[in-house]
>>> print(open('start.tsv').read())   # TSV, C-alpha atoms
chain	number	residue	atom	x	y	z
A	1	MET	CA	4.09	53.17	-33.09
A	2	ALA	CA	3.28	49.61	-34.11
A	3	LYS	CA	0.76	49.32	-36.92
A	4	ARG	CA	-1.14	46.26	-37.98
A	5	THR	CA	-0.44	45.28	-41.58
A	6	LEU	CA	-3.97	43.97	-42.09
A	7	PRO	CA	-7.28	44.93	-40.51
A	8	LEU	CA	-8.85	42.30	-38.28
A	9	ASN	CA	-11.63	41.45	-40.77
A	10	LYS	CA	-9.07	40.60	-43.47
A	11	ARG	CA	-6.69	38.60	-41.33
A	12	GLY	CA	-8.93	35.59	-40.94
A	13	PHE	CA	-9.57	33.74	-37.72
A	14	ASN	CA	-8.38	30.19	-38.24
A	15	PHE	CA	-7.50	27.56	-35.66
A	16	GLU	CA	-3.97	28.90	-35.22
A	17	SER	CA	-5.33	32.41	-34.53
A	18	GLN	CA	-7.88	31.03	-32.11
A	19	MET	CA	-5.22	29.10	-30.19
A	20	TRP	CA	-2.95	32.15	-30.22
A	21	ILE	CA	-5.60	34.23	-28.45
A	22	PHE	CA	-6.61	31.27	-26.26
A	23	THR	CA	-3.04	30.96	-24.98
A	24	ARG	CA	-3.07	34.60	-23.86
A	25	LEU	CA	-6.56	34.50	-22.37
A	26	SER	CA	-5.99	31.16	-20.61
A	27	ALA	CA	-2.87	32.67	-19.02
A	28	LEU	CA	-4.96	35.58	-17.73
A	29	GLY	CA	-7.57	33.06	-16.54
A	30	MET	CA	-4.93	31.15	-14.59
A	31	TYR	CA	-3.66	34.34	-12.94
A	32	LEU	CA	-7.27	35.06	-11.95
A	33	PHE	CA	-7.81	31.61	-10.41
A	34	ILE	CA	-4.48	31.79	-8.58
A	35	LEU	CA	-5.54	35.15	-7.15
A	36	ILE	CA	-8.94	33.70	-6.16
A	37	GLY	CA	-7.16	30.82	-4.37
A	38	ILE	CA	-4.91	33.16	-2.38
A	39	ILE	CA	-7.75	35.56	-1.50
A	40	GLY	CA	-9.91	32.55	-0.57
A	41	ALA	CA	-7.23	31.32	1.82
A	42	LEU	CA	-6.98	34.75	3.43
A	43	VAL	CA	-10.77	34.98	3.78
A	44	MET	CA	-10.81	31.52	5.38
A	45	GLY	CA	-8.37	32.53	8.09
A	46	ALA	CA	-4.87	32.11	6.64
A	47	ARG	CA	-3.46	35.33	7.97
A	48	THR	CA	-0.35	34.57	10.01
A	49	GLN	CA	2.88	32.63	9.62
A	50	MET	CA	2.53	32.57	5.85
A	51	ASN	CA	5.43	31.40	3.73
A	52	MET	CA	5.96	31.23	0.01
A	53	ALA	CA	5.31	27.49	-0.24
A	54	ASP	CA	1.92	27.93	1.48
A	55	VAL	CA	0.95	30.83	-0.76
A	56	ILE	CA	1.85	28.79	-3.84
A	57	ARG	CA	-0.21	25.86	-2.57
A	58	TRP	CA	-3.24	28.10	-2.01
A	59	GLY	CA	-2.85	29.76	-5.37
A	60	ILE	CA	-2.03	26.80	-7.55
A	61	MET	CA	-4.62	24.07	-7.15
A	62	PRO	CA	-6.62	25.18	-4.11
A	63	GLN	CA	-7.96	21.81	-2.99
A	64	ILE	CA	-7.92	19.85	0.24
A	65	SER	CA	-4.90	17.61	-0.29
A	66	HIS	CA	-2.86	20.60	-1.43
A	67	VAL	CA	-3.65	22.96	1.44
A	68	VAL	CA	-3.81	20.41	4.26
A	69	ASN	CA	-0.23	21.14	5.35
A	70	THR	CA	-0.54	24.91	5.20
A	71	ASN	CA	-1.54	27.47	7.80
A	72	VAL	CA	-5.31	27.54	7.38
A	73	THR	CA	-7.65	27.34	10.35
A	74	ASP	CA	-10.10	24.82	8.92
A	75	THR	CA	-9.29	22.63	5.94
A	76	VAL	CA	-12.88	21.31	5.78
A	77	LEU	CA	-13.85	24.56	4.06
A	78	TRP	CA	-11.63	23.54	1.12
A	79	GLU	CA	-13.78	20.47	0.50
A	80	SER	CA	-16.66	22.60	-0.73
A	81	ILE	CA	-17.99	22.41	-4.27
A	82	LEU	CA	-16.71	25.97	-4.88
A	83	TRP	CA	-13.07	24.95	-4.52
A	84	LYS	CA	-13.54	21.75	-6.49
A	85	LEU	CA	-15.01	23.77	-9.34
A	86	THR	CA	-12.23	26.36	-9.02
A	87	GLY	CA	-9.64	23.58	-9.09
A	88	SER	CA	-11.33	21.93	-12.06
A	89	ALA	CA	-11.40	25.20	-14.01
A	90	LEU	CA	-7.71	25.73	-13.25
A	91	VAL	CA	-6.95	22.16	-14.39
A	92	LEU	CA	-8.77	22.63	-17.70
A	93	LEU	CA	-7.05	25.94	-18.41
A	94	ALA	CA	-3.61	24.72	-17.35
A	95	VAL	CA	-3.72	21.42	-19.26
A	96	SER	CA	-5.00	22.98	-22.50
A	97	HIS	CA	-2.53	25.91	-22.21
A	98	GLY	CA	0.36	23.56	-21.42
A	99	VAL	CA	-0.33	20.89	-24.02
A	100	HIS	CA	-0.83	23.52	-26.72
A	101	GLY	CA	2.46	25.10	-25.69
A	102	LEU	CA	4.23	21.76	-26.06
A	103	VAL	CA	2.70	21.34	-29.53
A	104	VAL	CA	3.92	24.81	-30.55
A	105	ILE	CA	7.44	23.98	-29.39
A	106	ALA	CA	7.40	20.60	-31.15
A	107	ASP	CA	6.16	22.20	-34.37
A	108	ASP	CA	9.24	24.41	-34.41
A	109	TYR	CA	11.51	21.38	-34.53
A	110	ILE	CA	9.42	18.80	-36.38
A	111	ALA	CA	8.77	19.90	-39.93
A	112	SER	CA	7.35	16.80	-41.61
A	113	LYS	CA	3.62	16.36	-42.01
A	114	LEU	CA	3.68	12.85	-40.53
A	115	GLY	CA	5.79	14.02	-37.59
A	116	ARG	CA	3.34	16.79	-36.82
A	117	GLN	CA	0.39	14.42	-37.04
A	118	ILE	CA	2.09	12.09	-34.56
A	119	VAL	CA	2.74	15.04	-32.23
A	120	ARG	CA	-0.94	16.01	-32.43
A	121	LEU	CA	-2.04	12.46	-31.65
A	122	ILE	CA	0.30	12.27	-28.66
A	123	SER	CA	-0.85	15.70	-27.48
A	124	MET	CA	-4.52	14.67	-27.60
A	125	VAL	CA	-3.82	11.50	-25.61
A	126	ALA	CA	-1.71	13.47	-23.12
A	127	MET	CA	-4.39	16.13	-22.74
A	128	ALA	CA	-7.15	13.58	-22.13
A	129	SER	CA	-5.00	11.57	-19.68
A	130	PHE	CA	-3.76	14.53	-17.65
A	131	THR	CA	-7.24	16.08	-17.52
A	132	PHE	CA	-8.76	12.80	-16.32
A	133	ILE	CA	-6.10	12.18	-13.68
A	134	ALA	CA	-6.17	15.78	-12.40
A	135	LEU	CA	-9.97	15.92	-12.21
A	136	TYR	CA	-10.01	12.54	-10.47
A	137	ILE	CA	-7.58	13.86	-7.84
A	138	VAL	CA	-9.65	17.04	-7.37
A	139	TRP	CA	-13.00	15.27	-7.04
A	140	LYS	CA	-12.11	11.98	-5.28
B	1	MET	CA	4.87	22.28	-46.60
B	2	GLY	CA	7.45	25.00	-46.97
B	3	LEU	CA	8.93	24.17	-43.61
B	4	SER	CA	12.53	23.49	-44.57
B	5	ARG	CA	15.01	25.56	-42.62
B	6	ASN	CA	17.24	28.00	-44.44
B	7	VAL	CA	19.71	28.33	-41.56
B	8	ASN	CA	21.91	25.64	-40.07
B	9	LEU	CA	22.37	24.98	-36.35
B	10	ALA	CA	25.69	26.86	-36.14
B	11	ALA	CA	24.12	29.94	-37.72
B	12	GLY	CA	21.17	29.62	-35.37
B	13	LEU	CA	23.46	29.56	-32.34
B	14	ARG	CA	25.25	32.69	-33.56
B	15	TYR	CA	21.94	34.57	-33.86
B	16	LYS	CA	22.17	37.73	-31.82
B	17	GLY	CA	18.62	38.12	-30.63
B	18	GLN	CA	19.77	39.71	-27.37
B	19	GLY	CA	17.28	40.32	-24.53
B	20	PRO	CA	14.05	39.40	-26.33
B	21	MET	CA	15.60	36.19	-27.69
B	22	LEU	CA	16.82	35.27	-24.21
B	23	THR	CA	13.31	35.66	-22.79
B	24	PHE	CA	11.92	33.63	-25.72
B	25	VAL	CA	14.32	30.76	-25.00
B	26	LEU	CA	13.84	30.91	-21.23
B	27	HIS	CA	10.05	30.99	-21.68
B	28	ARG	CA	10.22	27.74	-23.62
B	29	ILE	CA	12.59	26.11	-21.15
B	30	GLY	CA	10.32	27.30	-18.32
B	31	GLY	CA	7.25	25.86	-20.00
B	32	LEU	CA	8.96	22.51	-20.51
B	33	GLY	CA	10.13	22.50	-16.88
B	34	ILE	CA	6.61	23.19	-15.62
B	35	ALA	CA	5.17	20.46	-17.86
B	36	LEU	CA	7.75	18.03	-16.51
B	37	PHE	CA	7.05	18.96	-12.89
B	38	VAL	CA	3.26	18.92	-13.22
B	39	GLY	CA	3.44	15.60	-15.04
B	40	ILE	CA	5.55	13.99	-12.29
B	41	HIS	CA	3.39	15.59	-9.57
B	42	LEU	CA	0.13	14.38	-11.10
B	43	LEU	CA	1.37	10.84	-11.61
B	44	SER	CA	2.80	10.62	-8.10
B	45	SER	CA	-0.50	11.91	-6.64
B	46	TYR	CA	-2.50	9.45	-8.73
B	47	PHE	CA	-0.42	6.31	-8.21
B	48	GLY	CA	0.90	6.94	-4.69
B	49	GLY	CA	2.81	4.08	-3.05
B	50	THR	CA	6.48	3.53	-3.78
B	51	VAL	CA	6.20	5.09	-7.26
B	52	GLY	CA	4.64	8.22	-5.75
B	53	GLN	CA	7.27	8.39	-3.00
B	54	ALA	CA	10.08	8.08	-5.52
B	55	ALA	CA	8.56	10.89	-7.59
B	56	ASN	CA	8.02	12.99	-4.46
B	57	ALA	CA	11.69	12.58	-3.56
B	58	ILE	CA	12.65	14.10	-6.91
B	59	TYR	CA	10.59	17.25	-6.71
B	60	GLU	CA	11.04	17.75	-2.98
B	61	SER	CA	14.83	17.98	-3.37
B	62	TRP	CA	16.10	21.54	-3.01
B	63	SER	CA	18.07	21.40	-6.24
B	64	PHE	CA	14.95	20.46	-8.23
B	65	GLN	CA	12.98	23.18	-6.43
B	66	LEU	CA	15.59	25.77	-7.42
B	67	VAL	CA	15.17	24.82	-11.07
B	68	ILE	CA	11.40	24.44	-11.07
B	69	PHE	CA	10.85	27.73	-9.21
B	70	PHE	CA	13.00	29.48	-11.81
B	71	CYS	CA	10.92	27.87	-14.57
B	72	ALA	CA	7.54	28.67	-13.00
B	73	LEU	CA	8.33	32.23	-11.89
B	74	PHE	CA	10.00	33.24	-15.15
B	75	HIS	CA	7.28	31.64	-17.26
B	76	ALA	CA	4.58	33.41	-15.24
B	77	ILE	CA	6.19	36.87	-15.32
B	78	ASN	CA	7.32	36.64	-18.94
B	79	GLY	CA	3.92	35.25	-19.94
B	80	LEU	CA	2.24	38.24	-18.36
B	81	ARG	CA	4.49	40.58	-20.35
B	82	ILE	CA	3.75	38.72	-23.58
B	83	THR	CA	0.01	38.78	-22.88
B	84	ILE	CA	-0.03	42.49	-22.09
B	85	LEU	CA	2.02	43.44	-25.16
B	86	ASP	CA	0.05	41.16	-27.48
B	87	LEU	CA	-3.34	42.32	-26.28
B	88	TRP	CA	-2.28	45.99	-26.37
B	89	PRO	CA	-0.04	46.19	-29.49
B	90	LYS	CA	0.53	49.93	-29.01
B	91	LEU	CA	2.90	48.93	-26.22
B	92	ILE	CA	5.09	46.75	-28.47
B	93	PRO	CA	7.59	49.58	-29.21
B	94	PHE	CA	8.36	49.48	-25.49
B	95	GLN	CA	9.17	45.77	-25.53
B	96	ARG	CA	12.76	46.20	-24.36
B	97	GLU	CA	11.70	48.46	-21.50
B	98	ALA	CA	9.06	45.88	-20.58
B	99	ILE	CA	11.75	43.22	-20.48
B	100	TRP	CA	13.85	45.33	-18.13
B	101	VAL	CA	10.82	45.72	-15.85
B	102	GLU	CA	10.31	41.97	-16.07
B	103	TRP	CA	13.87	41.29	-14.89
B	104	ALA	CA	13.50	43.91	-12.17
B	105	VAL	CA	10.50	41.98	-10.84
B	106	PHE	CA	11.94	38.50	-11.40
B	107	ILE	CA	15.46	38.85	-9.99
B	108	PRO	CA	14.62	39.99	-6.43
B	109	ILE	CA	11.76	37.50	-6.02
B	110	TYR	CA	13.81	34.61	-7.35
B	111	ALA	CA	16.90	35.62	-5.39
B	112	ILE	CA	15.01	35.68	-2.08
B	113	ALA	CA	13.26	32.38	-2.84
B	114	ALA	CA	16.51	30.73	-3.97
B	115	TRP	CA	18.27	31.89	-0.81
B	116	ILE	CA	15.50	30.39	1.35
B	117	ILE	CA	15.38	27.15	-0.67
B	118	VAL	CA	19.16	26.65	-0.48
B	119	ASN	CA	19.27	27.60	3.21
B	120	ASN	CA	16.51	25.14	4.07
B	121	GLY	CA	18.02	22.51	1.81
B	122	ILE	CA	21.46	22.71	3.40
B	123	ALA	CA	20.04	22.93	6.93
B	124	GLY	CA	17.75	19.97	6.18
>>> encode(input="start.tsv", output="structure tokens")
Amino acid sequence: MAKRTLPLNKRGFNFESQMWIFTRLSALGMYLFILIGIIGALVMGARTQMNMADVIRWGIMPQISHVVNTNVTDTVLWESILWKLTGSALVLLAVSHGVHGLVVIADDYIASKLGRQIVRLISMVAMASFTFIALYIVWK
Amino acid sequence: MGLSRNVNLAAGLRYKGQGPMLTFVLHRIGGLGIALFVGIHLLSSYFGGTVGQAANAIYESWSFQLVIFFCALFHAINGLRITILDLWPKLIPFQREAIWVEWAVFIPIYAIAAWIIVNNGIAG
């Protein structure tokens, strides 16, 4: 069986370790929010004539402009604060998970210190921009 | 920074990582595909107008949907496997079996979706 080479208290818990665990937990968080979106749609009357595109729309970003073309009885329900908060939480998890993933990939191919600093700067700008735009779309 | 590579590209391409390496590569490609799609989708939603319509035309095409659905579905299923194995390290010896299960879940779902996407795409 797999054995850890170092106990947890000796391994340290630096930024890289924190982002490693964050990537896993944010993935689980996104699965949870996707499930909440689909269950929410079913609770709000989406029970017949479902197709995969509709299910994906309910699961990923459950907000009014995303579900308006799907088979739900009343789209007004999706304008509630609950779904805006759910959408916002999904945005924050997805953007941070995604941008960190892009940084990890870039780090594997860019070895210089300056190159990595540039990647980090770009990633911070991208994260702020995408978060702002996505939250604006959810809350407008 | 101790980051210099000790293998060249040709040696890297000959690396026989087999199944786990394939999932590693596809996970990265999937992540990049999702980032590309979400980026285009967000910008088209934000700007709207002719720019938004042009972006919509890209990701509404059936060929793009085939690719992006592969990326999203594989990334999601493989990510779940990685998360489960990493959070419960006692399961790591069963990594290859987990990968087989992953393909057994992925292939039928993707095949059905791809069939529907292509059918709808060709039929208009």
>>> closest_atom_pairs(input="start.tsv", of="chain B", to="chain A", cutoff="7 Å", atoms="all atoms listed in the file", output="Markdown table")
| residue | atom | partner | partner_atom | distance |
| --- | --- | --- | --- | --- |
| B:Leu3 | CA | A:Ala111 | CA | 5.6 |
| B:Ser4 | CA | A:Ala111 | CA | 7.0 |
| B:Ala35 | CA | A:Gly98 | CA | 6.7 |
| B:Leu42 | CA | A:Ala134 | CA | 6.6 |
| B:Tyr46 | CA | A:Ile133 | CA | 6.7 |
| B:Thr83 | CA | A:Arg24 | CA | 5.3 |
| B:Pro89 | CA | A:Ala2 | CA | 6.6 |
| B:Lys90 | CA | A:Ala2 | CA | 5.8 |
| B:Ile92 | CA | A:Ala2 | CA | 6.6 |
| B:Pro93 | CA | A:Met1 | CA | 6.3 |
>>> residues_around(input="start.tsv", residues="Ala113 (chain B)", least_positions_apart="5", cutoff="10 Å", atoms="all atoms listed in the file", output="PyMOL selection string")
(chain A and resi 52-53) or (chain B and resi 65-66+69-70+107-108+118-119)
>>> axis_aligned_box(input="start.tsv", around="region 74-91 of chain A", padding_each_side="3 Å", output="AutoDock Vina command-line options")
--center_x -12.5 --center_y 23.4 --center_z -2.7 --size_x 17.0 --size_y 11.9 --size_z 29.3
>>> atom_distance(input="start.tsv", atom1="CA of Lys84 (chain A)", atom2="CA of Asn78 (chain B)")
28.5 Å
>>> residues_around(input="start.tsv", residues="Ile29 (chain B)", least_positions_apart="5", cutoff="9 Å", atoms="only C-alpha atoms", output="CSV table (one decimal) with C-alpha atoms, in the frame of the given file")
chain,number,residue,atom,x,y,z
B,24,PHE,CA,11.9,33.6,-25.7
B,34,ILE,CA,6.6,23.2,-15.6
B,71,CYS,CA,10.9,27.9,-14.6
B,75,HIS,CA,7.3,31.6,-17.3
>>> residues_around(input="start.tsv", residues="Met21 (chain B)", least_positions_apart="6", cutoff="12 Å", atoms="only C-alpha atoms", output="ChimeraX atom specification")
/B:12-15,27-28,95-96,99
>>> residues_around(input="start.tsv", residues="Ser61 (chain B)", least_positions_apart="3", cutoff="12 Å", atoms="all atoms listed in the file", output="JSON, numbers by chain")
{"B": [54, 55, 56, 57, 58, 64, 65, 66, 67, 68, 117, 118, 120, 121, 122, 124]}
>>> closest_residue(input="start.tsv", among="A:Val72, A:Met124, A:Ile56, A:Met50", to="Leu73 (chain B)", atoms="only C-alpha atoms")
A:Ile56
>>> atom_distance(input="start.tsv", atom1="CA of Leu36 (chain B)", atom2="CA of Ile109 (chain B)")
22.5 Å
>>> atom_distance(input="start.tsv", atom1="CA of Val76 (chain A)", atom2="CA of Ser88 (chain A)")
17.9 Å
>>> closest_residue(input="start.tsv", among="A:Ile64, A:Val119, A:Met44, A:Leu6", to="Trp139 (chain A)", atoms="all atoms listed in the file")
A:Ile64
>>> decode(input="start.tsv", residues="region 20-31 of chain B", atoms="N, CA, C and O atoms", output="tab-separated table (two decimals), in the first residue's frame")
chain	number	residue	atom	x	y	z
B	20	PRO	N	-1.81	6.28	-17.48
B	20	PRO	CA	-1.79	7.45	-16.60
B	20	PRO	C	-1.25	8.70	-17.29
B	20	PRO	O	-1.76	9.80	-17.06
B	21	MET	N	-0.23	8.52	-18.16
B	21	MET	CA	0.32	9.68	-18.87
B	21	MET	C	-0.70	10.24	-19.85
B	21	MET	O	-0.84	11.47	-20.01
B	22	LEU	N	-1.45	9.34	-20.50
B	22	LEU	CA	-2.48	9.78	-21.44
B	22	LEU	C	-3.53	10.63	-20.71
B	22	LEU	O	-3.94	11.69	-21.21
B	23	THR	N	-3.95	10.17	-19.53
B	23	THR	CA	-4.96	10.94	-18.80
B	23	THR	C	-4.38	12.29	-18.34
B	23	THR	O	-5.08	13.29	-18.34
B	24	PHE	N	-3.08	12.28	-17.98
B	24	PHE	CA	-2.42	13.53	-17.57
B	24	PHE	C	-2.45	14.54	-18.72
B	24	PHE	O	-2.82	15.71	-18.53
B	25	VAL	N	-2.08	14.07	-19.92
B	25	VAL	CA	-2.04	14.97	-21.08
B	25	VAL	C	-3.44	15.44	-21.45
B	25	VAL	O	-3.68	16.63	-21.67
B	26	LEU	N	-4.40	14.49	-21.47
B	26	LEU	CA	-5.77	14.86	-21.84
B	26	LEU	C	-6.39	15.81	-20.81
B	26	LEU	O	-7.20	16.67	-21.16
B	27	HIS	N	-6.01	15.63	-19.54
B	27	HIS	CA	-6.54	16.52	-18.50
B	27	HIS	C	-6.09	17.96	-18.76
B	27	HIS	O	-6.86	18.90	-18.62
B	28	ARG	N	-4.84	18.10	-19.14
B	28	ARG	CA	-4.31	19.44	-19.44
B	28	ARG	C	-4.97	20.03	-20.67
B	28	ARG	O	-5.37	21.20	-20.69
B	29	ILE	N	-5.07	19.22	-21.72
B	29	ILE	CA	-5.72	19.70	-22.95
B	29	ILE	C	-7.17	20.08	-22.63
B	29	ILE	O	-7.68	21.11	-23.08
B	30	GLY	N	-7.84	19.24	-21.84
B	30	GLY	CA	-9.23	19.52	-21.45
B	30	GLY	C	-9.35	20.83	-20.69
B	30	GLY	O	-10.25	21.63	-20.95
B	31	GLY	N	-8.44	21.05	-19.76
B	31	GLY	CA	-8.46	22.27	-18.97
B	31	GLY	C	-8.27	23.49	-19.85
B	31	GLY	O	-8.96	24.51	-19.70
